[in-house]
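> Below you'll find protein.cif; it's mmCIF, C-alpha atoms.
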data_entry
#
loop_
_atom_site.group_PDB
_atom_site.id
_atom_site.type_symbol
_atom_site.label_atom_id
_atom_site.label_comp_id
_atom_site.auth_asym_id
_atom_site.auth_seq_id
_atom_site.Cartn_x
_atom_site.Cartn_y
_atom_site.Cartn_z
ATOM 1 C CA MET X 189 -19.047 25.426 -3.042
ATOM 2 C CA ARG X 190 -20.589 24.107 0.145
ATOM 3 C CA GLY X 191 -18.935 20.745 0.337
ATOM 4 C CA ALA X 192 -19.407 18.034 2.900
ATOM 5 C CA ASP X 193 -18.781 16.986 6.456
ATOM 6 C CA THR X 194 -15.292 15.833 5.457
ATOM 7 C CA LEU X 195 -13.019 16.859 2.598
ATOM 8 C CA VAL X 196 -10.390 14.263 1.703
ATOM 9 C CA ILE X 197 -7.431 15.745 -0.143
ATOM 10 C CA GLY X 198 -5.885 13.002 -2.260
ATOM 11 C CA GLY X 199 -7.528 10.222 -4.233
ATOM 12 C CA GLY X 200 -4.879 7.534 -3.965
ATOM 13 C CA LEU X 201 -5.302 4.354 -1.949
ATOM 14 C CA VAL X 202 -5.086 6.076 1.427
ATOM 15 C CA GLY X 203 -7.483 8.885 0.568
ATOM 16 C CA ALA X 204 -9.921 6.615 -1.265
ATOM 17 C CA ALA X 205 -9.942 4.092 1.595
ATOM 18 C CA ILE X 206 -10.629 6.792 4.178
ATOM 19 C CA ALA X 207 -13.398 8.317 2.050
ATOM 20 C CA TYR X 208 -14.991 4.914 1.453
ATOM 21 C CA GLY X 209 -14.868 4.062 5.148
ATOM 22 C CA LEU X 210 -16.405 7.391 6.143
ATOM 23 C CA ALA X 211 -19.144 7.045 3.523
ATOM 24 C CA ARG X 212 -20.028 3.599 4.893
ATOM 25 C CA ARG X 213 -20.588 5.274 8.242
ATOM 26 C CA GLY X 214 -22.923 7.861 6.777
ATOM 27 C CA VAL X 215 -20.444 10.740 6.721
ATOM 28 C CA SER X 216 -20.791 12.985 3.667
ATOM 29 C CA THR X 217 -17.422 13.192 1.920
ATOM 30 C CA ILE X 218 -15.761 14.795 -1.063
ATOM 31 C CA VAL X 219 -12.476 13.524 -2.487
ATOM 32 C CA ILE X 220 -10.427 16.337 -4.014
ATOM 33 C CA ASP X 221 -7.864 14.764 -6.307
ATOM 34 C CA GLU X 222 -5.168 16.093 -8.598
ATOM 35 C CA GLY X 223 -5.799 13.083 -10.830
ATOM 36 C CA ASP X 224 -3.487 10.829 -12.779
ATOM 37 C CA VAL X 225 -0.899 13.587 -13.202
ATOM 38 C CA ALA X 226 -0.092 13.233 -9.509
ATOM 39 C CA PHE X 227 2.893 11.182 -8.382
ATOM 40 C CA ARG X 228 0.792 8.212 -7.292
ATOM 41 C CA ALA X 229 2.343 5.214 -5.582
ATOM 42 C CA SER X 230 -1.099 3.591 -5.711
ATOM 43 C CA ARG X 231 -0.710 2.742 -9.387
ATOM 44 C CA GLY X 232 2.863 1.483 -9.213
ATOM 45 C CA ASN X 233 3.234 -0.437 -5.972
ATOM 46 C CA PHE X 234 3.986 -4.134 -5.534
ATOM 47 C CA GLY X 235 0.552 -5.115 -4.222
ATOM 48 C CA LEU X 236 1.638 -6.811 -0.999
ATOM 49 C CA VAL X 237 -0.646 -6.956 2.030
ATOM 50 C CA TRP X 238 2.289 -7.558 4.338
ATOM 51 C CA VAL X 239 2.870 -8.116 8.036
ATOM 52 C CA GLN X 240 6.296 -9.650 8.666
ATOM 53 C CA GLY X 241 9.008 -7.158 9.476
ATOM 54 C CA LYS X 242 6.689 -4.174 9.881
ATOM 55 C CA GLY X 243 6.742 -2.194 13.096
ATOM 56 C CA ASP X 244 10.235 -2.880 14.436
ATOM 57 C CA GLY X 245 10.578 -0.428 17.314
ATOM 58 C CA MET X 246 6.990 0.758 16.753
ATOM 59 C CA PRO X 247 4.728 -1.731 18.565
ATOM 60 C CA ASP X 248 1.542 0.219 17.897
ATOM 61 C CA TYR X 249 2.242 0.159 14.164
ATOM 62 C CA ALA X 250 3.033 -3.559 14.316
ATOM 63 C CA ALA X 251 -0.267 -4.261 16.093
ATOM 64 C CA TRP X 252 -2.150 -2.082 13.614
ATOM 65 C CA THR X 253 -0.554 -3.930 10.705
ATOM 66 C CA ARG X 254 -1.552 -7.318 12.118
ATOM 67 C CA LEU X 255 -5.105 -6.136 12.782
ATOM 68 C CA SER X 256 -5.350 -4.833 9.228
ATOM 69 C CA ALA X 257 -4.240 -8.182 7.804
ATOM 70 C CA ASP X 258 -6.823 -9.987 9.941
ATOM 71 C CA LEU X 259 -9.573 -7.696 8.623
ATOM 72 C CA TRP X 260 -8.554 -7.894 4.964
ATOM 73 C CA PRO X 261 -10.433 -11.089 3.958
ATOM 74 C CA ARG X 262 -13.798 -9.719 5.054
ATOM 75 C CA PHE X 263 -12.996 -6.267 3.673
ATOM 76 C CA ALA X 264 -12.093 -7.649 0.241
ATOM 77 C CA GLU X 265 -15.230 -9.790 0.144
ATOM 78 C CA GLU X 266 -17.548 -6.936 1.130
ATOM 79 C CA LEU X 267 -15.909 -4.438 -1.223
ATOM 80 C CA GLY X 268 -16.234 -6.859 -4.122
ATOM 81 C CA ALA X 269 -19.881 -7.572 -3.325
ATOM 82 C CA GLU X 270 -20.721 -3.864 -3.127
ATOM 83 C CA THR X 271 -18.881 -2.786 -6.281
ATOM 84 C CA GLY X 272 -18.656 -5.856 -8.490
ATOM 85 C CA ILE X 273 -14.889 -5.338 -8.654
ATOM 86 C CA GLY X 274 -12.695 -8.062 -7.213
ATOM 87 C CA THR X 275 -9.324 -7.126 -5.751
ATOM 88 C CA VAL X 276 -7.795 -10.575 -6.465
ATOM 89 C CA TYR X 277 -6.886 -10.732 -2.778
ATOM 90 C CA ASP X 278 -5.198 -13.913 -1.575
ATOM 91 C CA LYS X 279 -3.682 -14.747 1.812
ATOM 92 C CA PRO X 280 -1.493 -17.838 1.408
ATOM 93 C CA GLY X 281 1.288 -16.509 3.632
ATOM 94 C CA GLY X 282 4.457 -14.885 2.350
ATOM 95 C CA PHE X 283 8.206 -15.411 2.310
ATOM 96 C CA PHE X 284 11.148 -13.120 2.993
ATOM 97 C CA LEU X 285 14.106 -14.523 1.057
ATOM 98 C CA CYS X 286 17.693 -14.117 2.296
ATOM 99 C CA ARG X 287 20.914 -14.441 0.308
ATOM 100 C CA SER X 288 23.336 -14.632 3.248
ATOM 101 C CA GLU X 289 23.493 -15.966 6.795
ATOM 102 C CA ALA X 290 23.930 -12.412 8.051
ATOM 103 C CA GLU X 291 20.757 -11.270 6.296
ATOM 104 C CA LEU X 292 18.805 -14.219 7.693
ATOM 105 C CA ALA X 293 20.085 -13.563 11.222
ATOM 106 C CA GLU X 294 19.120 -9.897 10.910
ATOM 107 C CA GLN X 295 15.622 -10.795 9.703
ATOM 108 C CA GLU X 296 15.115 -13.327 12.509
ATOM 109 C CA ALA X 297 16.264 -10.816 15.125
ATOM 110 C CA ARG X 298 13.881 -8.217 13.692
ATOM 111 C CA LEU X 299 10.926 -10.603 13.877
ATOM 112 C CA GLN X 300 11.849 -11.650 17.411
ATOM 113 C CA ARG X 301 11.853 -8.020 18.547
ATOM 114 C CA ILE X 302 8.450 -7.414 16.981
ATOM 115 C CA ARG X 303 7.019 -10.649 18.406
ATOM 116 C CA ALA X 304 8.184 -9.752 21.909
ATOM 117 C CA LYS X 305 5.974 -6.650 21.793
ATOM 118 C CA ASN X 306 3.027 -8.326 20.049
ATOM 119 C CA THR X 307 0.053 -9.612 22.033
ATOM 120 C CA ALA X 308 -1.875 -11.014 19.052
ATOM 121 C CA PRO X 309 -2.485 -14.788 19.204
ATOM 122 C CA GLY X 310 -1.134 -17.369 16.805
ATOM 123 C CA PRO X 311 2.228 -18.002 15.154
ATOM 124 C CA ASP X 312 3.843 -15.012 13.491
ATOM 125 C CA TYR X 313 6.713 -16.544 11.549
ATOM 126 C CA GLU X 314 8.895 -19.540 10.772
ATOM 127 C CA VAL X 315 12.626 -19.492 10.051
ATOM 128 C CA LEU X 316 13.516 -21.851 7.202
ATOM 129 C CA ASP X 317 16.762 -23.077 5.680
ATOM 130 C CA HIS X 318 17.237 -23.513 1.929
ATOM 131 C CA LYS X 319 15.947 -27.080 1.878
ATOM 132 C CA ALA X 320 12.734 -26.230 3.721
ATOM 133 C CA LEU X 321 12.191 -23.196 1.512
ATOM 134 C CA ALA X 322 12.720 -25.181 -1.686
ATOM 135 C CA GLU X 323 10.046 -27.662 -0.631
ATOM 136 C CA ARG X 324 7.514 -24.821 -0.531
ATOM 137 C CA LEU X 325 8.926 -22.786 -3.424
ATOM 138 C CA PRO X 326 9.853 -25.236 -6.209
ATOM 139 C CA GLY X 327 12.591 -23.948 -8.482
ATOM 140 C CA LEU X 328 14.248 -21.842 -5.811
ATOM 141 C CA GLY X 329 17.815 -20.993 -6.814
ATOM 142 C CA PRO X 330 20.919 -21.801 -4.751
ATOM 143 C CA ALA X 331 21.655 -18.123 -4.069
ATOM 144 C CA VAL X 332 18.849 -18.077 -1.485
ATOM 145 C CA ILE X 333 20.239 -19.660 1.686
ATOM 146 C CA GLY X 334 17.084 -19.371 3.767
ATOM 147 C CA GLY X 335 14.239 -17.116 4.746
ATOM 148 C CA THR X 336 11.197 -16.541 6.884
ATOM 149 C CA TYR X 337 7.532 -17.357 6.378
ATOM 150 C CA CYS X 338 4.583 -15.466 7.851
ATOM 151 C CA PRO X 339 1.043 -16.906 7.586
ATOM 152 C CA HIS X 340 -0.550 -13.462 7.801
ATOM 153 C CA ASP X 341 0.964 -12.138 4.556
ATOM 154 C CA GLY X 342 -0.939 -11.862 1.292
ATOM 155 C CA HIS X 343 -1.305 -9.798 -1.866
ATOM 156 C CA CYS X 344 -3.874 -8.155 -4.127
ATOM 157 C CA ASN X 345 -4.205 -6.126 -7.324
ATOM 158 C CA PRO X 346 -3.708 -2.492 -6.226
ATOM 159 C CA LEU X 347 -5.230 -1.086 -9.426
ATOM 160 C CA PHE X 348 -8.447 -3.043 -8.933
ATOM 161 C CA LEU X 349 -8.439 -2.053 -5.264
ATOM 162 C CA LEU X 350 -8.143 1.648 -6.096
ATOM 163 C CA ARG X 351 -10.951 1.443 -8.649
ATOM 164 C CA ALA X 352 -13.208 -0.478 -6.260
ATOM 165 C CA LEU X 353 -12.708 2.049 -3.462
ATOM 166 C CA HIS X 354 -13.655 4.928 -5.751
ATOM 167 C CA VAL X 355 -16.707 3.104 -7.102
ATOM 168 C CA GLY X 356 -17.762 2.147 -3.586
ATOM 169 C CA HIS X 357 -17.340 5.700 -2.320
ATOM 170 C CA THR X 358 -19.484 7.282 -5.032
ATOM 171 C CA ALA X 359 -22.102 4.513 -4.784
ATOM 172 C CA LEU X 360 -22.555 5.472 -1.140
ATOM 173 C CA GLY X 361 -23.186 9.102 -2.052
ATOM 174 C CA GLY X 362 -19.642 10.419 -1.889
ATOM 175 C CA ARG X 363 -18.438 12.948 -4.436
ATOM 176 C CA TYR X 364 -15.213 12.927 -6.417
ATOM 177 C CA LEU X 365 -13.602 16.077 -7.798
ATOM 178 C CA PRO X 366 -10.796 15.054 -10.189
ATOM 179 C CA ASN X 367 -8.143 17.246 -11.776
ATOM 180 C CA ARG X 368 -8.198 19.696 -8.877
ATOM 181 C CA LYS X 369 -4.794 20.755 -7.602
ATOM 182 C CA VAL X 370 -5.018 22.130 -4.086
ATOM 183 C CA GLY X 371 -3.246 25.430 -3.594
ATOM 184 C CA ASP X 372 -4.345 26.392 -0.106
ATOM 185 C CA ILE X 373 -6.203 25.116 2.951
ATOM 186 C CA ARG X 374 -7.763 27.835 5.081
ATOM 187 C CA PRO X 375 -9.017 27.071 8.587
ATOM 188 C CA GLU X 376 -12.144 29.126 9.163
ATOM 189 C CA ALA X 377 -14.818 29.366 11.811
ATOM 190 C CA GLY X 378 -16.605 26.054 11.942
ATOM 191 C CA GLY X 379 -14.548 24.340 9.270
ATOM 192 C CA PHE X 380 -12.132 24.701 6.377
ATOM 193 C CA THR X 381 -11.994 26.113 2.869
ATOM 194 C CA VAL X 382 -9.880 24.203 0.374
ATOM 195 C CA VAL X 383 -8.746 26.356 -2.538
ATOM 196 C CA THR X 384 -8.152 24.468 -5.787
ATOM 197 C CA ASP X 385 -7.405 25.520 -9.345
ATOM 198 C CA GLY X 386 -11.042 24.641 -10.077
ATOM 199 C CA GLY X 387 -12.654 26.630 -7.285
ATOM 200 C CA LYS X 388 -13.162 26.586 -3.532
ATOM 201 C CA VAL X 389 -14.702 23.772 -1.505
ATOM 202 C CA GLN X 390 -15.876 24.067 2.098
ATOM 203 C CA GLY X 391 -16.168 21.374 4.713
ATOM 204 C CA ASP X 392 -16.301 20.802 8.444
ATOM 205 C CA ARG X 393 -13.179 18.633 8.529
ATOM 206 C CA VAL X 394 -10.171 17.977 6.313
ATOM 207 C CA VAL X 395 -8.218 14.766 5.827
ATOM 208 C CA LEU X 396 -4.795 15.310 4.288
ATOM 209 C CA ALA X 397 -3.925 12.202 2.247
ATOM 210 C CA ALA X 398 -2.002 13.856 -0.554
ATOM 211 C CA GLY X 399 1.078 11.650 -0.500
ATOM 212 C CA LEU X 400 4.129 13.651 -1.512
ATOM 213 C CA GLY X 401 1.912 16.722 -1.781
ATOM 214 C CA SER X 402 1.369 16.576 1.963
ATOM 215 C CA ALA X 403 4.820 18.071 2.556
ATOM 216 C CA ARG X 404 3.674 21.261 0.803
ATOM 217 C CA LEU X 405 0.160 21.383 2.242
ATOM 218 C CA ALA X 406 0.720 20.308 5.853
ATOM 219 C CA PRO X 407 2.270 23.629 7.016
ATOM 220 C CA LYS X 408 -0.991 25.368 6.057
ATOM 221 C CA LEU X 409 -2.544 23.396 8.920
ATOM 222 C CA GLY X 410 0.336 23.943 11.310
ATOM 223 C CA LEU X 411 1.681 20.440 10.691
ATOM 224 C CA SER X 412 4.945 18.989 9.436
ATOM 225 C CA VAL X 413 4.863 15.971 7.107
ATOM 226 C CA PRO X 414 8.453 15.590 5.850
ATOM 227 C CA VAL X 415 7.799 12.964 3.163
ATOM 228 C CA VAL X 416 10.286 12.730 0.293
ATOM 229 C CA PRO X 417 10.093 10.899 -3.044
ATOM 230 C CA GLN X 418 11.851 7.586 -3.629
ATOM 231 C CA ARG X 419 11.703 5.868 -6.998
ATOM 232 C CA GLY X 420 11.043 2.152 -7.182
ATOM 233 C CA GLN X 421 11.341 0.262 -10.456
ATOM 234 C CA VAL X 422 9.545 -3.044 -11.032
ATOM 235 C CA LEU X 423 9.797 -5.599 -13.844
ATOM 236 C CA VAL X 424 6.559 -7.098 -15.183
ATOM 237 C CA THR X 425 6.654 -10.284 -17.268
ATOM 238 C CA GLN X 426 4.187 -11.711 -19.728
ATOM 239 C CA ARG X 427 1.411 -13.887 -18.346
ATOM 240 C CA ALA X 428 2.344 -17.451 -17.476
ATOM 241 C CA ALA X 429 0.746 -20.550 -16.010
ATOM 242 C CA PRO X 430 0.407 -20.538 -12.194
ATOM 243 C CA ARG X 431 3.768 -21.420 -10.651
ATOM 244 C CA LEU X 432 4.391 -19.297 -7.564
ATOM 245 C CA ALA X 433 1.704 -19.919 -4.953
ATOM 246 C CA HIS X 434 3.108 -17.517 -2.358
ATOM 247 C CA PRO X 435 4.160 -13.874 -2.622
ATOM 248 C CA THR X 436 7.705 -12.968 -1.611
ATOM 249 C CA VAL X 437 9.303 -9.610 -0.955
ATOM 250 C CA TYR X 438 11.064 -9.720 -4.346
ATOM 251 C CA VAL X 439 8.794 -11.755 -6.629
ATOM 252 C CA ARG X 440 5.095 -12.440 -6.806
ATOM 253 C CA GLN X 441 2.780 -13.861 -9.441
ATOM 254 C CA THR X 442 -0.412 -11.921 -10.011
ATOM 255 C CA GLY X 443 -3.853 -13.430 -10.373
ATOM 256 C CA GLU X 444 -3.615 -12.707 -14.095
ATOM 257 C CA GLY X 445 -0.393 -14.718 -14.385
ATOM 258 C CA SER X 446 2.242 -12.002 -14.769
ATOM 259 C CA PHE X 447 5.280 -12.026 -12.502
ATOM 260 C CA LEU X 448 6.272 -8.832 -10.699
ATOM 261 C CA LEU X 449 9.969 -8.567 -9.866
ATOM 262 C CA GLY X 450 11.222 -5.758 -7.711
ATOM 263 C CA ASP X 451 12.259 -3.411 -6.652
ATOM 264 C CA SER X 452 14.728 -0.567 -6.537
ATOM 265 C CA HIS X 453 14.971 2.197 -3.937
ATOM 266 C CA GLU X 454 16.405 5.314 -5.566
ATOM 267 C CA ASP X 455 16.696 8.831 -4.198
ATOM 268 C CA VAL X 456 16.320 10.705 -7.486
ATOM 269 C CA GLY X 457 13.683 13.285 -6.629
ATOM 270 C CA PHE X 458 10.599 13.266 -8.828
ATOM 271 C CA ASP X 459 12.231 11.484 -11.759
ATOM 272 C CA GLU X 460 9.817 8.727 -12.856
ATOM 273 C CA GLY X 461 12.075 7.331 -15.565
ATOM 274 C CA THR X 462 13.342 3.772 -15.872
ATOM 275 C CA THR X 463 17.007 2.835 -16.156
ATOM 276 C CA PRO X 464 18.778 -0.183 -17.680
ATOM 277 C CA GLU X 465 20.994 -0.394 -14.607
ATOM 278 C CA ALA X 466 18.083 -0.886 -12.197
ATOM 279 C CA MET X 467 16.300 -3.292 -14.533
ATOM 280 C CA THR X 468 19.461 -5.370 -14.902
ATOM 281 C CA PHE X 469 20.002 -5.467 -11.139
ATOM 282 C CA ILE X 470 16.436 -6.639 -10.514
ATOM 283 C CA ALA X 471 16.546 -9.281 -13.239
ATOM 284 C CA ARG X 472 19.860 -10.733 -12.048
ATOM 285 C CA ARG X 473 18.828 -10.821 -8.406
#
Translate the structure of the given file into structure tokens.

Amino acid sequence: MRGADTLVIGGGLVGAAIAYGLARRGVSTIVIDEGDVAFRASRGNFGLVWVQGKGDGMPDYAAWTRLSADLWPRFAEELGAETGIGTVYDKPGGFFLCRSEAELAEQEARLQRIRAKNTAPGPDYEVLDHKALAERLPGLGPAVIGGTYCPHDGHCNPLFLLRALHVGHTALGGRYLPNRKVGDIRPEAGGFTVVTDGGKVQGDRVVLAAGLGSARLAPKLGLSVPVVPQRGQVLVTQRAAPRLAHPTVYVRQTGEGSFLLGDSHEDVGFDEGTTPEAMTFIARR
């Protein structure tokens, strides 16, 4: 199959966002996606659009993160207008909660290091004790001794975001090939041939956005992408009346009213199961 200017391998948030952005610029694109059977962080992540703490020791990444957060309000508005799908994006600022003086000192030092390398204008964070935090987060328990606040932090619904990106991409003329597992990528004169279990697709350029699958596919392009799986478990409550106006690193209330509580970080390979031990730890914390 003669494909497009650009073939995007992977239809998760990264791949869909790249394909949507290229399509907006008039670049013909095809998204080749394994589908919902893939190990997809896009459907199970916490939904934070986060700045504070990102990029310690990596100033370019920190600057990129801040720029992304600054662009998000307009991006969410335009994407919703084009697709009719809202992402429930909100940018009230977010909190990093600390349970010990040592943790708070470590977080403050991290933010100071990032700020020293950051040339973006405006305040980046505030350091707050328990009393100041409790004034902004009513009902805060005594186990939290303090924390930090960043005005650039926000959150959205990642499922709505993923759907909107796909709808936007196809509305702009992009094509989507689902249920296609990529077995090989062959550089050829003037482009690439991507071999899938549903046939071959040709294109001038290839974007590898296959998540964990990138570790297997990258060597075919002479690259090394040593990503490894890490399981994260999240608790989701029933819907409730609005109570938590700001997202935090451990708890956030969605636009629909549910609370998300997270999360674990487990090196268990590709095991997607849930465990009582992790759920208990999250609930007690």
> Counting all atoms listed in the file, which residues in region 276-302 of chain X sit no more than 9 Å from region 250-269 of chain X? For each one, give the nearest pair of atoms and the distance in Å, sorted by chain then residue number, as a tab-separated table.

residue	atom	partner	partner_atom	distance
X:Val276	CA	X:Ala264	CA	8.5
X:Tyr277	CA	X:Ala264	CA	6.8
X:Asp278	CA	X:Pro261	CA	8.1
X:Lys279	CA	X:Pro261	CA	8.0
X:Ile302	CA	X:Ala250	CA	7.2
> How big is the axis-aligned box around all listed atoms of region 189-207 of chain X once 4 Å goes on each side, and where's its centre, in Å to one decimal, as lines of an AutoDock Vina configuration file?

center_x = -12.7
center_y = 14.8
center_z = 1.1
size_x = 23.7
size_y = 29.3
size_z = 18.7
> Please write as a PDB file with C-alpha atoms, keeping the file's coordinate frame the full residue list that the PyMOL selection byres ((chain X and resi 221-237) around 7) yields on this file.

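Below you can see result-v3.pdb, which holds the result:
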ATOM      1  CA  ILE X 197      -7.431  15.745  -0.143  1.00  0.00           C
ATOM      2  CA  GLY X 198      -5.885  13.002  -2.260  1.00  0.00           C
ATOM      3  CA  GLY X 199      -7.528  10.222  -4.233  1.00  0.00           C
ATOM      4  CA  GLY X 200      -4.879   7.534  -3.965  1.00  0.00           C
ATOM      5  CA  LEU X 201      -5.302   4.354  -1.949  1.00  0.00           C
ATOM      6  CA  VAL X 219     -12.476  13.524  -2.487  1.00  0.00           C
ATOM      7  CA  ILE X 220     -10.427  16.337  -4.014  1.00  0.00           C
ATOM      8  CA  TRP X 238       2.289  -7.558   4.338  1.00  0.00           C
ATOM      9  CA  ALA X 257      -4.240  -8.182   7.804  1.00  0.00           C
ATOM     10  CA  ASP X 341       0.964 -12.138   4.556  1.00  0.00           C
ATOM     11  CA  GLY X 342      -0.939 -11.862   1.292  1.00  0.00           C
ATOM     12  CA  HIS X 343      -1.305  -9.798  -1.866  1.00  0.00           C
ATOM     13  CA  CYS X 344      -3.874  -8.155  -4.127  1.00  0.00           C
ATOM     14  CA  ASN X 345      -4.205  -6.126  -7.324  1.00  0.00           C
ATOM     15  CA  PRO X 346      -3.708  -2.492  -6.226  1.00  0.00           C
ATOM     16  CA  LEU X 347      -5.230  -1.086  -9.426  1.00  0.00           C
ATOM     17  CA  LEU X 365     -13.602  16.077  -7.798  1.00  0.00           C
ATOM     18  CA  PRO X 366     -10.796  15.054 -10.189  1.00  0.00           C
ATOM     19  CA  ASN X 367      -8.143  17.246 -11.776  1.00  0.00           C
ATOM     20  CA  ARG X 368      -8.198  19.696  -8.877  1.00  0.00           C
ATOM     21  CA  LYS X 369      -4.794  20.755  -7.602  1.00  0.00           C
TER      22      LYS X 369
END
> What would the selection look like, as an MDAnalysis selection string, if the PyMOL selection byres ((chain X and resi 441-456) around 12) were run on the coordinates I just shared?
chainID X and resid 232:236 274:278 282 342:348 416:440 457:473
> Which residue out of X:Glu291, X:Asp317, X:Asp392, X:Glu376 has the minimum interatomic distance to Val196 (chain X) when only C-alpha atoms are used?
X:Asp392
> Determine the residue set returned by the PyMOL selection byres ((chain X and resi 354-360) around 8) for the present structure, and present it as a list in words.
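That selection, the PyMOL selection byres ((chain X and resi 354-360) around 8), comes back as Ala204, Ala207, Tyr208, Ala211, Arg212, Leu267, Glu270, Thr271, Leu350, Arg351, Ala352, Leu353, Gly361, Gly362, Arg363 and Tyr364 of chain X.
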> Which is closer to Asp244 (chain X) than all the others in X:Cys286, X:Val395, X:Leu411, X:Leu299, using all atoms listed in the file?
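With all atoms listed in the file as the atom set, the closest residue is X:Leu299.
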> Would you fill out region 249-263 of chain X with N, CA and C atoms and return it as a tab-separated table (two decimals), in the coordinates of the input?

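Result file part38.tsv:
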chain	number	residue	atom	x	y	z
X	249	TYR	N	2.34	0.36	15.61
X	249	TYR	CA	2.24	0.16	14.16
X	249	TYR	C	2.22	-1.33	13.83
X	250	ALA	N	3.02	-2.11	14.54
X	250	ALA	CA	3.03	-3.56	14.32
X	250	ALA	C	1.66	-4.16	14.63
X	251	ALA	N	1.06	-3.74	15.72
X	251	ALA	CA	-0.27	-4.26	16.09
X	251	ALA	C	-1.32	-3.83	15.08
X	252	TRP	N	-1.21	-2.61	14.61
X	252	TRP	CA	-2.15	-2.08	13.61
X	252	TRP	C	-2.03	-2.87	12.31
X	253	THR	N	-0.79	-3.16	11.92
X	253	THR	CA	-0.55	-3.93	10.70
X	253	THR	C	-1.18	-5.32	10.80
X	254	ARG	N	-0.98	-5.98	11.93
X	254	ARG	CA	-1.55	-7.32	12.12
X	254	ARG	C	-3.08	-7.26	12.10
X	255	LEU	N	-3.65	-6.28	12.77
X	255	LEU	CA	-5.11	-6.14	12.78
X	255	LEU	C	-5.63	-5.92	11.37
X	256	SER	N	-4.94	-5.09	10.61
X	256	SER	CA	-5.35	-4.83	9.23
X	256	SER	C	-5.36	-6.12	8.41
X	257	ALA	N	-4.31	-6.92	8.55
X	257	ALA	CA	-4.24	-8.18	7.80
X	257	ALA	C	-5.37	-9.13	8.20
X	258	ASP	N	-5.73	-9.13	9.48
X	258	ASP	CA	-6.82	-9.99	9.94
X	258	ASP	C	-8.17	-9.54	9.37
X	259	LEU	N	-8.31	-8.23	9.13
X	259	LEU	CA	-9.57	-7.70	8.62
X	259	LEU	C	-9.68	-7.77	7.10
X	260	TRP	N	-8.57	-7.96	6.42
X	260	TRP	CA	-8.55	-7.89	4.96
X	260	TRP	C	-9.49	-8.89	4.28
X	261	PRO	N	-9.55	-10.16	4.68
X	261	PRO	CA	-10.43	-11.09	3.96
X	261	PRO	C	-11.88	-10.63	3.91
X	262	ARG	N	-12.41	-10.19	5.03
X	262	ARG	CA	-13.80	-9.72	5.05
X	262	ARG	C	-13.94	-8.43	4.26
X	263	PHE	N	-12.96	-7.53	4.41
X	263	PHE	CA	-13.00	-6.27	3.67
X	263	PHE	C	-13.02	-6.50	2.17
